[in-house]
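Trainee: One structure, as structure tokens, below. Some questions next.
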Amino acid sequence: MKLTLRVWRQKNPDTPGAMATYELDGVSQDMSFLEMLDVLNEELIVKGEEPVAFDHDCREGICGACSLVINGDAHGPERTTTCQLHMRSFRDGDTIDIEPWRASAFPVIKDLVVDRSAFDRVIQAGGFITAPTGSAPEAHATPVPKADADYAFEHAECIGCGACVAACPNGAAMLFTSAKVNHLNVLPQGSPERETRVLDMVAQMDAEGFGGCTLAGECATACPKGIPLFSITAMNKEWLRASRKVKR
Amino acid sequence: MAFGFWQSTLGKKIVMGVTGLIMIGYLCAHLLGNMKIFFGPGEFNAYGHWLRVMGAPVLHHEWGLWIARIVLLAAVILHAVSAYQLSRRDIKARPQKYVHTKPRMSYATRTMRWGGVILGLFIVWHILDLTTGTTHSGGFQEGHPYQNVVDTFSTWYGNVIYIVAMLAMGMHVRHGFWSAAQTLGAGNHTRDRALKAIANALAIVLTAGFISIPVGVMTGVVS
Ligand code: HEM
Ligand code: FES
């Protein structure tokens, strides 16, 4: 396939960026989107140009490192991560726009790489349990109802990639935060910190400068792991309950 | 605690949801009352009079009405202030647009902010027109609401302002009712169809109901 790529190039956080156009030939339908960018970068290096910086790690759709807004969609046209997106989703002769996640809480570091450490700080505010864990406990020691286990697992699938923030018209981190809150709050291990978790994580989310929810639903559409929009509803409920219970 | 609640984006959104639902509740009651216009000036004006003696003999003359007015005014102000503050925050959180854009959200969702502004302006005009009579066309007659309504809808601009505002209201209620359910934690997979159906029904009944009044005047059913 022959493609026209329009890629956001930005030297560093302080220099304004712009879209740059590249023609790329010899792309196979079986390549992943990131492999296609690898090919582009090899060509750029041979020509003595700076390669395009982009985030990636596992390339298996499990780590959450890859990003990219492709033709206006976070992670591109399929419901999966950019690393698991293949060039067969595009046609020969296509023009593809590739942009970084856009949100003021996710500043661009270089080209397509953004700083997602705001997510780490939201997790540090309460996305954990404080019980000492040690080696894996006996699975039957703490009974968990099947429905709760499924609910926790559905939310534990969040890989923290930030597609929800990128897709949200308000740059909100509600879907991410709600996935983490719901995952732990439904489990017995998470229940001692049920109230402080949701209050602290939401406060940190606000402090990082993420926007608010207007129920546009873009986050859940973009999520490669299918975290549902109702996770946000459930977090609202947890937050309302906690703010009534906890006096601070 | 109260301070922390208002500081949080979730707290402000909850204020917006609760005040929005209060206003929707009011609109339902307001529509039921207004429908009396189709039963003639006697019945409609008597209803206007009852609003003033509502709650008697427990409440003094017009106290019930004033309590309702104060609650509604507080609701409108809290709703508008939280909408303004949250919207500013949202715009700041996403300063740079994508080069590759596509229209996504439904029309009702995209028009919440401008629709809200239209509603705010409409509420001011509506009070000046039919409550205080300040901007009323032709002689405003205190205590004769039936005639005042007929006068308003005998002008082309009265009809235009009112019908545009009611269409905006319908869309605002459609996304707003469903949103408020999510904001207050009442939504889930199983209830979603019912909530959406209620939101659509509220939007259609309120819009069609209110618009039936200027249409009634224009067609001579109400005169
Ligand atoms: C003063 C004029 C008004 C302004 C400026 C305004 C503005 C807004 C805005 C910006 C939103 C948030 C939209 C979103 O989440 O995407 C909203 C939500 C809402 N509005 Fe209004 N609005 C006004 C009047 C009204 C009226 C008259 C009603 C009652 C019919 C109403 C009912 C609602 C409801 C129920 C919500 C949903 C709240 C939630 O998401 O929890 N609004 N409004
Ligand atoms: S690189 Fe790990 S999820 Fe895409």
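Labels used: A, B, ... for chains in the order of the structure tokens, numbers from 1 for residues in each chain, and numbers from 1 for ligands as shown.
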Which residues of chain B come within 7 Å of chain A, and what is each one's closest atom pair and distance in Å (one decimal), counting only C-alpha atoms, sorted by chain and residue number, as CSV?
Mentor:
residue,atom,partner,partner_atom,distance
B:Met1,CA,A:Arg248,CA,5.8
B:Ser8,CA,A:Ala203,CA,6.8
B:Thr9,CA,A:Gly212,CA,6.0
B:Leu86,CA,A:Gly212,CA,6.7
B:Arg89,CA,A:Gly211,CA,5.9
B:Asp90,CA,A:Gly211,CA,4.4
B:Ile91,CA,A:Asn170,CA,6.3
B:Ala93,CA,A:Gly211,CA,5.1
B:Arg94,CA,A:Ala103,CA,4.7
B:Pro95,CA,A:Ser104,CA,6.6
B:Gln96,CA,A:Arg102,CA,6.5
B:Tyr98,CA,A:Gly72,CA,6.7
B:His100,CA,A:Gly72,CA,4.9
B:Thr101,CA,A:Gly72,CA,5.6
B:Lys102,CA,A:Gly72,CA,6.8
B:Met105,CA,A:Ala216,CA,6.1
B:Thr109,CA,A:Ala216,CA,6.5
B:Ser179,CA,A:Leu215,CA,6.3
B:Gln182,CA,A:Thr233,CA,4.7
B:Thr183,CA,A:Asn236,CA,6.0
B:Leu184,CA,A:Lys237,CA,6.3
B:Gly185,CA,A:Lys237,CA,4.2
B:Gly187,CA,A:Thr233,CA,6.2
B:Asn188,CA,A:Phe230,CA,5.7
Trainee: Give the residue list for ligand 1 at 6 Å, counting only C-alpha atoms and all ligand atoms, as a PyMOL selection string, sorted by chain and then by residue number.
Mentor: (chain A and resi 214) or (chain B and resi 13-14+16-17+20-21+23-24+76+80+83+109+112-113+116-117+119-120+173+176-177+179-180+183)
Trainee: Enumerate as a PyMOL selection string all residues of region 3-246 of chain A assigned to strand (DSSP E) by DSSP on the backbone, naming them with the chain letters and numbers the document uses.
Mentor: chain A and resi 3-9+18-24+69-70+73-74+95-99+108-110+113-114
Trainee: Taking only C-alpha atoms and all ligand atoms into account, list the residues no farther than 9 Å from ligand 2, as a list in words.
Mentor: Leu34, Asp55, His56, Asp57, Cys58, Arg59, Glu60, Gly61, Ile62, Cys63, Gly64, Ala65, Cys66, Ser67, Thr80, Thr81, Thr82, Cys83, Gln84, Ile159 and Cys161 of chain A
Trainee: Mind listing the helix (DSSP H, G or I) residues of region 13-164 of chain B, per DSSP on the backbone, as number ranges by chain?
Mentor: B: 13-39, 41-53, 63-93, 107-110, 112-130, 145-152, 156-164
Trainee: For region 132-142 of chain A, please output as a ChimeraX atom specification all residues within 10 Å (counting only C-alpha atoms; exclusion window: fewer than 6 positions along the same chain).
Mentor: /A:187-189
Trainee: Store the residues picked out above in a file with N, CA and C atoms, as an mmCIF file, in the first residue's frame.
Mentor:
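Final output, saved to again-v4.cif:
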data_model
loop_
_atom_site.group_PDB
_atom_site.id
_atom_site.type_symbol
_atom_site.label_atom_id
_atom_site.label_comp_id
_atom_site.auth_asym_id
_atom_site.auth_seq_id
_atom_site.Cartn_x
_atom_site.Cartn_y
_atom_site.Cartn_z
ATOM 1 N N LEU A 187 -14.604 -4.879 45.854
ATOM 2 C CA LEU A 187 -13.964 -6.062 46.442
ATOM 3 C C LEU A 187 -13.787 -5.914 47.951
ATOM 4 N N PRO A 188 -13.820 -7.031 48.684
ATOM 5 C CA PRO A 188 -13.600 -6.946 50.136
ATOM 6 C C PRO A 188 -12.233 -6.346 50.475
ATOM 7 N N GLN A 189 -11.240 -6.650 49.664
ATOM 8 C CA GLN A 189 -9.901 -6.117 49.948
ATOM 9 C C GLN A 189 -9.873 -4.590 49.854
#
